[in-house]
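A.B. asks: Have a peek at my_file-v6.txt (compact mmCIF, C-alpha atoms).
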# COMPACT_ATOMS: atom_id res chain seq x y z
CA MET U 23 87.54 -12.20 -24.97
CA VAL U 24 90.02 -13.20 -27.70
CA GLN U 25 87.24 -15.34 -29.23
CA ASP U 26 85.08 -12.17 -29.64
CA ARG U 27 87.76 -10.63 -31.85
CA LYS U 28 87.68 -13.41 -34.44
CA ILE U 29 86.02 -12.77 -37.77
CA ASN U 30 84.19 -15.82 -39.09
CA GLU U 31 82.74 -16.71 -42.50
CA THR U 32 79.34 -15.22 -41.65
CA ASP U 33 81.02 -11.92 -40.74
CA ARG U 34 82.88 -12.01 -44.05
CA GLN U 35 79.63 -12.61 -45.94
CA ILE U 36 77.99 -9.66 -44.15
CA VAL U 37 80.93 -7.42 -45.05
CA GLU U 38 80.73 -8.62 -48.66
CA CYS U 39 77.00 -7.80 -48.78
CA LEU U 40 77.65 -4.30 -47.43
CA HIS U 41 80.57 -3.82 -49.79
CA GLY U 42 78.36 -4.70 -52.74
CA ASN U 43 75.46 -2.53 -51.56
CA ALA U 44 75.79 -0.58 -48.31
CA ARG U 45 72.07 0.22 -48.45
CA MET U 46 71.01 -3.42 -48.34
CA SER U 47 68.46 -3.97 -45.58
CA LEU U 48 69.35 -5.99 -42.51
CA LYS U 49 66.55 -8.38 -43.39
CA GLU U 50 67.98 -8.96 -46.89
CA ILE U 51 71.49 -9.49 -45.53
CA GLY U 52 70.03 -11.87 -42.96
CA SER U 53 68.33 -13.92 -45.67
CA ARG U 54 71.68 -14.29 -47.44
CA VAL U 55 73.64 -15.32 -44.36
CA PHE U 56 70.82 -17.25 -42.61
CA LEU U 57 70.42 -14.89 -39.64
CA SER U 58 67.64 -12.64 -38.38
CA GLY U 59 67.83 -8.92 -39.10
CA GLN U 60 68.58 -8.26 -35.40
CA ALA U 61 71.42 -10.79 -35.40
CA VAL U 62 72.87 -9.06 -38.48
CA ARG U 63 72.58 -5.68 -36.71
CA ASN U 64 74.43 -7.10 -33.68
CA ARG U 65 77.20 -8.46 -35.89
CA ILE U 66 77.54 -5.17 -37.79
CA GLU U 67 77.82 -3.28 -34.50
CA ARG U 68 80.51 -5.74 -33.34
CA LEU U 69 82.36 -5.33 -36.67
CA GLU U 70 82.22 -1.55 -36.20
CA ASP U 71 83.53 -1.87 -32.62
CA LEU U 72 86.39 -4.07 -33.88
CA GLY U 73 87.26 -1.49 -36.52
CA VAL U 74 86.47 -3.84 -39.42
CA LEU U 75 83.74 -1.50 -40.66
CA GLN U 76 85.14 1.98 -40.27
CA ARG U 77 82.84 4.36 -42.07
CA TYR U 78 80.00 4.61 -44.48
CA THR U 79 80.37 6.84 -47.48
CA VAL U 80 78.76 7.91 -50.72
CA ASN U 81 80.51 7.60 -54.08
CA VAL U 82 79.42 10.57 -56.18
CA ASN U 83 79.41 10.29 -59.97
CA CYS U 84 81.57 13.39 -60.55
CA PRO U 85 81.00 13.63 -64.33
CA VAL U 86 77.26 14.05 -63.69
CA PHE U 87 78.19 17.24 -61.79
CA GLY U 88 80.35 18.51 -64.66
CA TYR U 89 83.77 17.29 -63.55
CA SER U 90 84.97 15.86 -66.86
CA VAL U 91 88.66 15.08 -66.20
CA HIS U 92 89.70 12.28 -63.83
CA ALA U 93 93.40 12.59 -62.96
CA LEU U 94 96.02 11.07 -60.70
CA ILE U 95 98.68 13.52 -59.54
CA ARG U 96 101.83 12.14 -57.91
CA GLY U 97 104.69 14.10 -56.45
CA ARG U 98 106.85 14.90 -53.49
CA PHE U 99 104.66 17.21 -51.42
CA SER U 100 105.71 18.74 -48.12
CA PRO U 101 102.92 19.44 -45.62
CA ASN U 102 102.96 23.10 -46.79
CA ASP U 103 102.76 21.94 -50.42
CA ILE U 104 99.72 19.83 -49.60
CA THR U 105 98.05 22.83 -47.96
CA PHE U 106 98.87 24.91 -51.05
CA PHE U 107 97.49 22.21 -53.35
CA LEU U 108 94.27 21.94 -51.36
CA GLY U 109 93.88 25.70 -51.80
CA LEU U 110 93.97 25.15 -55.57
CA CYS U 111 91.02 22.77 -55.31
CA PRO U 112 87.87 24.70 -54.44
CA ILE U 113 84.77 22.56 -54.86
CA GLN U 114 83.65 24.61 -57.87
CA ARG U 115 86.75 23.45 -59.81
CA CYS U 116 87.95 20.20 -58.29
CA ARG U 117 86.83 17.16 -56.27
CA ILE U 118 89.51 15.19 -54.45
CA LEU U 119 88.46 11.55 -54.09
CA HIS U 120 91.53 10.27 -52.25
CA CYS U 121 94.91 11.41 -51.04
CA TYR U 122 97.54 8.78 -50.29
CA THR U 123 101.01 8.83 -48.77
CA LEU U 124 103.17 6.42 -50.77
CA THR U 125 106.55 4.78 -50.57
CA GLY U 126 109.19 5.87 -53.03
CA GLU U 127 110.35 9.15 -54.51
CA GLN U 128 106.90 10.54 -55.28
CA SER U 129 105.40 10.26 -51.85
CA THR U 130 101.91 11.71 -52.33
CA LEU U 131 99.12 10.74 -54.72
CA PHE U 132 95.93 12.69 -55.29
CA ASP U 133 93.04 10.98 -57.07
CA LEU U 134 90.76 13.77 -58.23
CA TYR U 135 88.28 15.11 -60.74
CA VAL U 136 88.55 18.60 -62.24
CA LEU U 137 86.04 20.52 -64.31
CA ASN U 138 88.12 20.45 -67.48
CA GLN U 139 91.66 20.33 -68.86
CA GLU U 140 92.05 24.10 -68.53
CA VAL U 141 91.55 23.86 -64.77
CA LEU U 142 94.08 21.01 -64.65
CA ARG U 143 96.62 23.04 -66.67
CA ASP U 144 96.15 26.00 -64.34
CA MET U 145 96.71 23.83 -61.26
CA LEU U 146 99.86 22.29 -62.77
CA GLU U 147 101.25 25.71 -63.71
CA ARG U 148 100.75 26.96 -60.16
CA LEU U 149 102.52 23.86 -58.81
CA ARG U 150 105.44 24.47 -61.22
CA GLU U 151 105.67 28.08 -60.05
CA ARG U 152 106.28 26.70 -56.54
CA HIS U 153 108.82 24.20 -57.93
CA ILE U 154 106.62 21.26 -57.04
CA GLN U 155 107.29 18.61 -59.66
CA VAL U 156 104.49 16.19 -60.29
CA GLN U 157 103.54 13.38 -62.62
CA VAL U 158 100.00 13.47 -63.96
CA ASP U 159 98.02 10.58 -65.38
CA MET U 160 94.55 11.02 -66.80
CA VAL U 161 92.15 8.15 -66.24
CA LEU U 162 90.76 6.86 -69.54
CA ASP U 163 88.31 4.28 -68.21
CA GLU U 164 87.11 2.92 -64.91
CA HIS U 165 86.16 -0.72 -64.57
CA PRO U 166 83.29 -0.91 -62.06
CA ASP U 167 82.32 -4.31 -63.43
CA LEU U 168 85.46 -5.92 -62.03
CA PRO U 169 84.75 -7.80 -58.81
CA ALA U 170 85.46 -5.72 -55.74
CA GLN U 171 88.10 -7.26 -53.51
CA GLY U 172 87.07 -5.48 -50.34
CA GLY U 173 89.65 -4.70 -47.72
CA TYR U 174 90.03 -8.12 -46.21
CA GLU U 175 91.45 -11.53 -46.93
CA GLN U 176 89.35 -13.77 -49.12
CA LYS U 177 89.46 -17.52 -49.61
CA VAL U 178 90.72 -18.66 -53.00
Take the structure from the file and write it as structure tokens.
C.D. replies:
Amino acid sequence: MVQDRKINETDRQIVECLHGNARMSLKEIGSRVFLSGQAVRNRIERLEDLGVLQRYTVNVNCPVFGYSVHALIRGRFSPNDITFFLGLCPIQRCRILHCYTLTGEQSTLFDLYVLNQEVLRDMLERLRERHIQVQVDMVLDEHPDLPAQGGYEQKV
């Protein structure tokens, strides 16, 4: 039973294929890792059962939908403050990509897109009115060409 829980090099290669292109066919993955499509499917199901593969998602290109400002907002948010902040982010004005709980003084980080700087200013003013102090960074560039590291240990 313990043996079933081990992740081997073939599993790692399958995860890497999916990380690079989650829509890759089982047959194509199989050709890369020297397995049949059915064997790849079985391994993927086992990786899901083990919690290695947790969910499948879509990354939306927010600027295509008019969200022109990519920002990171960090601060000390209570649970009520988070609820308030989420209320400031209707889909027509804001798209939250990620929300993280962090160590340190500023314990919450929101990674989000907003329609424009005016929307961002309005959100920040409303946070100030509630005495929620935040630090805001605007993303200048993303680097999608950098190699993805995945969420697992890699050999060096």
A.B. asks: What's the separation between atom CA of U:Val158 and atom CA of U:Asp144, in Å to one decimal place?
C.D. replies: 13.1 Å
A.B. asks: Which residue, U:Val62, U:Leu69, U:Ala93, U:Val37, has the smallest gap to U:Leu162 when you use only C-alpha atoms?
C.D. replies: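 Nearest candidate to U:Leu162 out of U:Val62, U:Leu69, U:Ala93, U:Val37: U:Ala93.
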A.B. asks: With distances taken over only C-alpha atoms, which residue among U:Val86, U:Ile29, U:Leu94, U:Val55 lies nearest U:Leu72?
C.D. replies: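 Closest to U:Leu72, using only C-alpha atoms: U:Ile29.
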A.B. asks: Let me make sure I understand: among U:Glu31, U:Glu38, U:Asp133, U:Glu164, which one has the smallest atom-to-atom distance to U:Arg117 if we use all atoms listed in the file?
C.D. replies: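 Nearest candidate to U:Arg117 out of U:Glu31, U:Glu38, U:Asp133, U:Glu164: U:Asp133.
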A.B. asks: For U:Ile36, work out the shell of residues within 10 Å, counting all atoms listed in the file and skipping chain neighbours fewer than 2 positions away, then give it as a VMD selection string.
C.D. replies: chain U and resid 31 to 34 38 to 42 48 51 to 52 54 to 55 62 65 to 66 69
A.B. asks: I need the residue nearest U:Asn81 from this list: U:Ser53, U:Asn43, U:Gln60, U:Thr105. Use all atoms listed in the file for the distance.
C.D. replies: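 Selected residue with least distance to U:Asn81: U:Asn43.
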A.B. asks: With only C-alpha atoms as the basis for distance, which of U:Glu67, U:Glu50, U:Asp163, U:Glu140 is at the shortest distance from U:Arg115?
C.D. replies: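 So, comparing all the options, the nearest one is U:Glu140.
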A.B. asks: Could you check which of U:Leu124, U:Leu57, U:Leu146, U:Val74 is closest to U:Lys28, using only C-alpha atoms?
C.D. replies: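 Between U:Leu124, U:Leu57, U:Leu146, U:Val74, the residue approaching U:Lys28 most closely is U:Val74.
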A.B. asks: List every protein, DNA or RNA residue that has an atom no more than 8 Å from (99.5, 10.2, -54.9) in the file's coordinate frame, counting all atoms listed in the file, and report them as a VMD selection string.
C.D. replies: chain U and resid 94 to 97 121 to 124 128 to 133
A.B. asks: Between atom CA of U:Glu151 and atom CA of U:Leu119, what is the spacing in Å?
C.D. replies: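 Atom-to-atom, atom CA of U:Leu119 to atom CA of U:Glu151, that is 24.6 Å.
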A.B. asks: Using all atoms listed in the file, collect all residues at a distance of at most 7 Å from (85.6, 9.4, -61.1) as written in the file, then present them as a short mmCIF file (atom, residue, chain, number, x, y, z; two decimals) with C-alpha atoms, in the frame of the given file.
C.D. replies:
data_model
loop_
_atom_site.label_atom_id
_atom_site.label_comp_id
_atom_site.auth_asym_id
_atom_site.auth_seq_id
_atom_site.Cartn_x
_atom_site.Cartn_y
_atom_site.Cartn_z
CA ASN U 83 79.41 10.29 -59.97
CA CYS U 84 81.57 13.39 -60.55
CA HIS U 92 89.70 12.28 -63.83
CA TYR U 135 88.28 15.11 -60.74
#
A.B. asks: Which value, in Å to one decimal, gives the distance between atom CA of U:Met145 and atom CA of U:Thr79?
C.D. replies: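 We find that atom CA of U:Met145 and atom CA of U:Thr79 lie 27.3 Å from each other.
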A.B. asks: Could you name the residues that touch stretch 109-114 of chain U at 9 Å or less, counting all atoms listed in the file, but leaving out those on the same chain fewer than 2 positions away, as an mmCIF file with C-alpha atoms, in the frame of the given file?
C.D. replies:
data_model
loop_
_atom_site.group_PDB
_atom_site.id
_atom_site.type_symbol
_atom_site.label_atom_id
_atom_site.label_comp_id
_atom_site.auth_asym_id
_atom_site.auth_seq_id
_atom_site.Cartn_x
_atom_site.Cartn_y
_atom_site.Cartn_z
ATOM 1 C CA ILE U 104 99.720 19.830 -49.600
ATOM 2 C CA THR U 105 98.050 22.830 -47.960
ATOM 3 C CA PHE U 106 98.870 24.910 -51.050
ATOM 4 C CA PHE U 107 97.490 22.210 -53.350
ATOM 5 C CA CYS U 116 87.950 20.200 -58.290
ATOM 6 C CA ARG U 117 86.830 17.160 -56.270
ATOM 7 C CA ILE U 118 89.510 15.190 -54.450
ATOM 8 C CA VAL U 136 88.550 18.600 -62.240
ATOM 9 C CA LEU U 137 86.040 20.520 -64.310
ATOM 10 C CA MET U 145 96.710 23.830 -61.260
ATOM 11 C CA ARG U 148 100.750 26.960 -60.160
#
